[in-house]
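target.pdb (PDB, C-alpha atoms)
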ATOM      1  CA  MET A  94      -3.418  22.073  40.193
ATOM      2  CA  ARG A  95      -1.394  19.923  42.571
ATOM      3  CA  SER A  96       1.794  20.432  40.572
ATOM      4  CA  HIS A  97       1.176  24.215  40.568
ATOM      5  CA  ARG A  98       0.906  24.202  44.357
ATOM      6  CA  LEU A  99       4.117  22.213  44.641
ATOM      7  CA  ILE A 100       5.910  24.739  42.425
ATOM      8  CA  MET A 101       4.619  27.632  44.554
ATOM      9  CA  LEU A 102       5.705  25.857  47.754
ATOM     10  CA  ALA A 103       9.167  25.210  46.342
ATOM     11  CA  ALA A 104       9.505  28.861  45.322
ATOM     12  CA  ALA A 105       8.523  30.001  48.812
ATOM     13  CA  LEU A 106      11.071  27.667  50.403
ATOM     14  CA  LEU A 107      13.783  28.935  48.065
ATOM     15  CA  ALA A 108      12.926  32.534  48.982
ATOM     16  CA  LEU A 109      13.168  31.727  52.682
ATOM     17  CA  GLY A 110      16.487  29.998  52.119
ATOM     18  CA  TYR A 111      17.828  33.002  50.240
ATOM     19  CA  ALA A 112      16.767  35.364  53.014
ATOM     20  CA  TRP A 113      18.508  33.128  55.552
ATOM     21  CA  LEU A 114      21.735  33.090  53.539
ATOM     22  CA  ARG A 115      21.678  36.892  53.243
ATOM     23  CA  GLY A 116      21.377  37.537  56.967
ATOM     24  CA  GLY A 117      19.695  34.860  59.024
ATOM     25  CA  PHE A 118      16.331  35.590  60.528
ATOM     26  CA  ASP A 119      17.243  39.274  60.844
ATOM     27  CA  GLY A 120      17.596  39.350  57.065
ATOM     28  CA  LEU A 121      14.241  37.617  56.696
ATOM     29  CA  GLU A 122      12.588  40.084  59.064
ATOM     30  CA  ARG A 123      14.038  42.975  57.088
ATOM     31  CA  ALA A 124      12.777  41.490  53.799
ATOM     32  CA  LEU A 125       9.275  41.106  55.226
ATOM     33  CA  ALA A 126       9.332  44.651  56.575
ATOM     34  CA  GLN A 127      10.345  46.007  53.169
ATOM     35  CA  ALA A 128       7.601  43.999  51.486
ATOM     36  CA  SER A 129       5.019  45.657  53.749
ATOM     37  CA  GLN A 130       6.262  49.219  53.157
ATOM     38  CA  THR A 131       3.435  51.583  54.057
ATOM     39  CA  SER A 132       1.399  53.330  51.371
ATOM     40  CA  GLN A 133       1.535  57.100  51.076
ATOM     41  CA  SER A 134      -2.269  57.247  50.701
ATOM     42  CA  PRO A 135      -4.026  59.320  53.391
ATOM     43  CA  ALA A 136      -6.940  56.862  53.555
ATOM     44  CA  ASN A 137      -7.581  53.186  53.046
ATOM     45  CA  ALA A 138     -10.478  50.924  52.155
ATOM     46  CA  ASN A 139     -11.576  50.635  55.780
ATOM     47  CA  GLY A 140     -12.254  54.353  56.008
ATOM     48  CA  LEU A 141      -9.150  54.967  58.123
ATOM     49  CA  ALA A 142      -6.817  57.897  57.486
ATOM     50  CA  THR A 143      -3.051  58.289  57.782
ATOM     51  CA  ALA A 144      -0.994  60.883  59.636
ATOM     52  CA  THR A 145       2.795  60.963  59.938
ATOM     53  CA  PHE A 146       4.727  62.868  62.585
ATOM     54  CA  ALA A 147       8.348  63.126  63.732
ATOM     55  CA  ALA A 148       8.986  64.291  67.285
ATOM     56  CA  GLY A 149      12.324  62.818  68.217
ATOM     57  CA  CYS A 150      12.582  59.237  69.481
ATOM     58  CA  PHE A 151       9.883  57.189  67.799
ATOM     59  CA  TRP A 152       9.501  54.990  70.884
ATOM     60  CA  CYS A 153       8.106  57.999  72.731
ATOM     61  CA  THR A 154       6.060  59.358  69.841
ATOM     62  CA  GLU A 155       4.422  55.978  69.364
ATOM     63  CA  ALA A 156       3.600  55.719  73.070
ATOM     64  CA  ASP A 157       2.154  59.249  73.116
ATOM     65  CA  PHE A 158      -0.201  58.667  70.167
ATOM     66  CA  ASP A 159      -1.331  55.227  71.265
ATOM     67  CA  LYS A 160      -3.116  57.008  74.121
ATOM     68  CA  VAL A 161      -5.384  58.958  71.764
ATOM     69  CA  PRO A 162      -8.939  57.588  71.346
ATOM     70  CA  GLY A 163      -9.593  56.963  67.664
ATOM     71  CA  VAL A 164      -5.996  56.008  66.860
ATOM     72  CA  VAL A 165      -6.127  52.480  65.477
ATOM     73  CA  SER A 166      -2.409  51.759  65.113
ATOM     74  CA  THR A 167       1.014  53.379  65.244
ATOM     75  CA  THR A 168       4.130  52.263  63.390
ATOM     76  CA  SER A 169       7.681  53.393  64.073
ATOM     77  CA  GLY A 170       9.773  53.988  60.979
ATOM     78  CA  TYR A 171      11.957  56.198  58.855
ATOM     79  CA  THR A 172      10.936  58.836  56.308
ATOM     80  CA  GLY A 173      12.143  62.041  54.710
ATOM     81  CA  GLY A 174      15.465  60.693  53.463
ATOM     82  CA  THR A 175      17.068  59.488  50.251
ATOM     83  CA  THR A 176      18.301  55.968  51.012
ATOM     84  CA  LYS A 177      15.937  53.128  50.163
ATOM     85  CA  ASN A 178      15.164  50.592  52.883
ATOM     86  CA  PRO A 179      17.402  52.191  55.531
ATOM     87  CA  THR A 180      18.420  50.342  58.668
ATOM     88  CA  TYR A 181      18.349  51.755  62.176
ATOM     89  CA  GLN A 182      22.143  51.812  62.214
ATOM     90  CA  GLN A 183      22.217  53.944  59.060
ATOM     91  CA  VAL A 184      19.519  56.353  60.221
ATOM     92  CA  SER A 185      20.944  56.776  63.709
ATOM     93  CA  ALA A 186      24.342  57.528  62.145
ATOM     94  CA  GLY A 187      22.702  60.417  60.290
ATOM     95  CA  VAL A 188      23.819  59.327  56.829
ATOM     96  CA  THR A 189      20.454  58.707  55.119
ATOM     97  CA  GLY A 190      18.577  61.968  55.638
ATOM     98  CA  HIS A 191      15.653  60.191  57.274
ATOM     99  CA  ALA A 192      13.883  61.217  60.436
ATOM    100  CA  GLU A 193      12.628  58.830  63.064
ATOM    101  CA  ALA A 194       8.872  59.104  62.625
ATOM    102  CA  VAL A 195       5.586  57.430  63.434
ATOM    103  CA  GLU A 196       2.872  56.618  60.940
ATOM    104  CA  ILE A 197      -0.594  56.710  62.478
ATOM    105  CA  LEU A 198      -3.756  55.041  61.247
ATOM    106  CA  TYR A 199      -6.805  56.703  62.751
ATOM    107  CA  ASP A 200     -10.569  56.694  62.490
ATOM    108  CA  PRO A 201     -11.621  60.188  61.347
ATOM    109  CA  THR A 202     -15.119  59.616  62.750
ATOM    110  CA  LYS A 203     -13.601  59.414  66.230
ATOM    111  CA  VAL A 204     -10.634  61.782  66.077
ATOM    112  CA  THR A 205      -9.881  64.546  63.598
ATOM    113  CA  TYR A 206      -6.559  65.416  62.018
ATOM    114  CA  GLU A 207      -6.731  68.776  63.805
ATOM    115  CA  GLN A 208      -7.012  66.957  67.142
ATOM    116  CA  LEU A 209      -3.996  64.838  66.267
ATOM    117  CA  LEU A 210      -2.111  68.035  65.490
ATOM    118  CA  ASP A 211      -3.048  69.452  68.900
ATOM    119  CA  HIS A 212      -1.737  66.289  70.535
ATOM    120  CA  TYR A 213       1.428  66.466  68.454
ATOM    121  CA  TRP A 214       2.271  69.987  69.577
ATOM    122  CA  LYS A 215       1.886  69.050  73.240
ATOM    123  CA  ASN A 216       4.398  66.230  72.775
ATOM    124  CA  VAL A 217       7.166  67.957  70.821
ATOM    125  CA  ASP A 218       9.698  70.687  71.525
ATOM    126  CA  PRO A 219       8.726  73.116  68.733
ATOM    127  CA  LEU A 220      11.644  75.451  69.358
ATOM    128  CA  THR A 221      14.535  73.077  68.719
ATOM    129  CA  ALA A 222      15.689  71.906  65.294
ATOM    130  CA  ASP A 223      17.862  68.821  64.711
ATOM    131  CA  ARG A 224      17.342  67.787  68.299
ATOM    132  CA  GLN A 225      14.565  66.613  70.562
ATOM    133  CA  PHE A 226      15.307  66.443  74.257
ATOM    134  CA  CYS A 227      18.478  64.330  74.759
ATOM    135  CA  ASP A 228      18.589  63.028  71.175
ATOM    136  CA  VAL A 229      20.762  65.149  68.895
ATOM    137  CA  GLY A 230      21.002  64.985  65.118
ATOM    138  CA  HIS A 231      19.096  65.685  61.903
ATOM    139  CA  GLN A 232      17.391  62.306  62.267
ATOM    140  CA  TYR A 233      15.588  63.677  65.346
ATOM    141  CA  ARG A 234      14.244  66.824  63.710
ATOM    142  CA  PRO A 235      10.566  67.635  64.386
ATOM    143  CA  VAL A 236       8.438  67.341  61.255
ATOM    144  CA  ILE A 237       4.803  67.149  60.220
ATOM    145  CA  PHE A 238       4.584  65.065  57.030
ATOM    146  CA  TYR A 239       1.317  65.901  55.279
ATOM    147  CA  HIS A 240      -0.438  63.438  52.965
ATOM    148  CA  ASP A 241      -2.732  65.828  51.086
ATOM    149  CA  GLU A 242      -3.533  69.515  50.701
ATOM    150  CA  ALA A 243      -6.118  69.445  53.493
ATOM    151  CA  GLN A 244      -3.520  68.142  55.950
ATOM    152  CA  LYS A 245      -1.039  70.747  54.720
ATOM    153  CA  ARG A 246      -3.475  73.599  55.339
ATOM    154  CA  ALA A 247      -4.426  72.249  58.759
ATOM    155  CA  ALA A 248      -0.768  71.825  59.752
ATOM    156  CA  GLU A 249       0.166  75.336  58.638
ATOM    157  CA  ALA A 250      -2.791  76.841  60.486
ATOM    158  CA  SER A 251      -1.949  74.955  63.669
ATOM    159  CA  LYS A 252       1.691  76.012  63.455
ATOM    160  CA  ALA A 253       0.616  79.656  63.123
ATOM    161  CA  ARG A 254      -1.519  79.320  66.264
ATOM    162  CA  VAL A 255       1.340  77.722  68.187
ATOM    163  CA  GLN A 256       3.761  80.428  67.053
ATOM    164  CA  LYS A 257       1.581  83.034  68.796
ATOM    165  CA  GLN A 258       2.363  81.336  72.116
ATOM    166  CA  PHE A 259       6.132  81.743  71.802
ATOM    167  CA  LYS A 260       8.582  84.535  71.207
ATOM    168  CA  GLU A 261      11.163  82.229  69.672
ATOM    169  CA  PRO A 262      10.592  80.757  66.181
ATOM    170  CA  VAL A 263       8.663  77.498  65.914
ATOM    171  CA  VAL A 264      11.025  75.360  63.837
ATOM    172  CA  VAL A 265       8.837  72.316  63.146
ATOM    173  CA  GLN A 266       8.949  71.561  59.422
ATOM    174  CA  ILE A 267       5.817  70.905  57.352
ATOM    175  CA  VAL A 268       6.710  68.837  54.292
ATOM    176  CA  PRO A 269       5.040  66.352  51.907
ATOM    177  CA  ALA A 270       4.977  62.742  53.037
ATOM    178  CA  GLY A 271       7.256  60.426  51.084
ATOM    179  CA  PRO A 272       8.137  56.745  51.308
ATOM    180  CA  PHE A 273       7.812  55.442  54.858
ATOM    181  CA  TYR A 274       9.972  52.477  55.875
ATOM    182  CA  ARG A 275       8.849  50.383  58.820
ATOM    183  CA  ALA A 276      11.539  50.149  61.485
ATOM    184  CA  GLU A 277      12.888  46.847  62.738
ATOM    185  CA  GLU A 278      10.410  44.784  64.742
ATOM    186  CA  TYR A 279      12.110  45.332  68.101
ATOM    187  CA  HIS A 280      11.343  49.057  67.790
ATOM    188  CA  GLN A 281       7.603  48.477  67.405
ATOM    189  CA  ASP A 282       5.712  48.997  70.698
ATOM    190  CA  TYR A 283       9.065  49.274  72.455
ATOM    191  CA  TYR A 284       7.441  50.944  75.446
ATOM    192  CA  LYS A 285       5.318  47.816  75.968
ATOM    193  CA  LYS A 286       7.989  45.213  75.266
ATOM    194  CA  ASN A 287      10.661  46.905  77.416
ATOM    195  CA  GLU A 288       8.649  48.875  79.954
ATOM    196  CA  VAL A 289      11.385  49.436  82.542
ATOM    197  CA  ARG A 290      14.061  50.388  79.997
ATOM    198  CA  TYR A 291      11.646  52.693  78.218
ATOM    199  CA  LYS A 292      10.642  54.522  81.392
ATOM    200  CA  TYR A 293      14.298  54.879  82.410
ATOM    201  CA  TYR A 294      15.179  56.275  78.968
ATOM    202  CA  ARG A 295      12.260  58.690  78.864
ATOM    203  CA  PHE A 296      12.954  60.013  82.360
ATOM    204  CA  GLY A 297      16.700  60.277  81.783
ATOM    205  CA  CYS A 298      16.140  62.086  78.500
ATOM    206  CA  GLY A 299      14.170  64.810  80.275
ATOM    207  CA  ARG A 300      11.351  64.635  77.762
ATOM    208  CA  ASP A 301       8.446  65.186  80.144
ATOM    209  CA  ARG A 302      10.258  67.851  82.167
ATOM    210  CA  ARG A 303      10.903  69.852  79.020
ATOM    211  CA  LEU A 304       7.330  69.430  77.800
ATOM    212  CA  GLN A 305       5.958  70.597  81.121
ATOM    213  CA  LEU A 306       8.219  73.633  81.043
ATOM    214  CA  LEU A 307       7.134  74.503  77.506
ATOM    215  CA  TRP A 308       3.415  73.958  77.744
ATOM    216  CA  SER A 309       2.421  74.521  81.360
ATOM    217  CA  SER A 310       3.443  78.187  81.318
ATOM    218  CA  GLY A 311       2.823  78.868  77.632
ATOM    219  CA  LYS A 312       6.013  80.931  77.571
ATOM    220  CA  THR A 313       9.109  80.336  75.549
ATOM    221  CA  SER A 314      12.293  79.086  77.134
ATOM    222  CA  SER A 315      15.601  78.378  75.451
ATOM    223  CA  ASN A 316      16.928  76.415  78.421
ATOM    224  CA  LYS A 317      17.332  72.786  77.353
TER
END

Have the structure of the file written as structure tokens, please.
Amino acid sequence: MRSHRLIMLAAALLALGYAWLRGGFDGLERALAQASQTSQSPANANGLATATFAAGCFWCTEADFDKVPGVVSTTSGYTGGTTKNPTYQQVSAGVTGHAEAVEILYDPTKVTYEQLLDHYWKNVDPLTADRQFCDVGHQYRPVIFYHDEAQKRAAEASKARVQKQFKEPVVVQIVPAGPFYRAEEYHQDYYKKNEVRYKYYRFGCGRDRRLQLLWSSGKTSSNK
């Protein structure tokens, strides 16, 4: 038994050494993030459910959903693309097909998926494709990634209701959820770790001004 433990310890040390040689602690962090890639399952053993939304900058989307009672956790990441284990540099360059997105674990006994959808619509510009506020590119497209048929039906019904409020087309995509890759650790809870920078970015991006214009009047506006 002792020799088995020593072998396991040696293997772990070798793995750490390999990660360091490949890219220092950043490489190790990336390896750990890939190892904890999120499941596509809409529910887990604790009775929690999963929802995935893209609404532009994932720093802002994460901050918006953390305010919702019943949301247990939010994770910034990348989904909807073709490259495995993409980095932020690759996604932000628009070469992987991924969107910046947030995966949400929530307690369905405290908040419903329909309520999360309502919150989503109030925190996205539904009239602009391949751009959200000051962030331009396919990686910032607004998307609802559904995890099962019930979520798909709920998302389509909510989109139809929202469309009735606007003359212009609602361009938010509704597509099946695929592999979700956790973003680098410095992106997680960015609004908490870098409060001043986050507030400066959000204000400068005009996110809240645009949202107020869209949703306070209930009328469409193409002025960005």

* To do: For the structure provided, state which residues fall under the PyMOL selection byres ((chain A and resi 202) around 12), and present them as a list in words.
  => Asn139, Gly140, Leu141, Ala142, Pro162, Gly163, Val164, Val165, Tyr199, Asp200, Pro201, Lys203, Val204, Thr205, Tyr206 and Gln208 of chain A

* Asked: Could you pull the residues within 12 Å of range 156-160 of chain A, counting only C-alpha atoms, minus those fewer than 6 positions along the same chain, as a PyMOL selection string?
  -> chain A and resi 144-150+166-169+194-199+204+208-217+280-286+288+291-292+295+300-301

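Reported to one decimal place, the separation of CA of Val236 in chain A from CA of Ala253 in chain A is 14.7 Å.
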
* Could you give me, as JSON, numbers by chain, the residues within 6 Å of Arg234 in chain A, counting only C-alpha atoms and dropping anything in the same chain fewer than 6 positions from it? => {"A": [222, 223, 224]}

* Provide the CA of Gln256 in chain A to CA of Glu207 in chain A distance in Å, to one decimal place. => 16.0 Å

Around all the atoms of range 269-282 of chain A listed in the file, with 5 Å of room on each side, what axis-aligned box do you get, giving centre and edge lengths in Å to one decimal, as lines of an AutoDock Vina configuration file?
center_x = 8.9
center_y = 55.6
center_z = 60.9
size_x = 17.9
size_y = 31.6
size_z = 29.6

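A straight line drawn from CA of Glu193 in chain A to CA of Gln258 in chain A is 26.3 Å long.
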
* **Spatial neighbours of Pro262 in chain A, max dist 12 Å, all atoms listed in the file, sep filter under 4 positions, as a list in words** => Asp218, Pro219, Leu220, Thr221, Ala222, Lys252, Ala253, Val255, Gln256, Lys257, Gln258, Gln266, Thr313, Ser314 and Ser315 of chain A
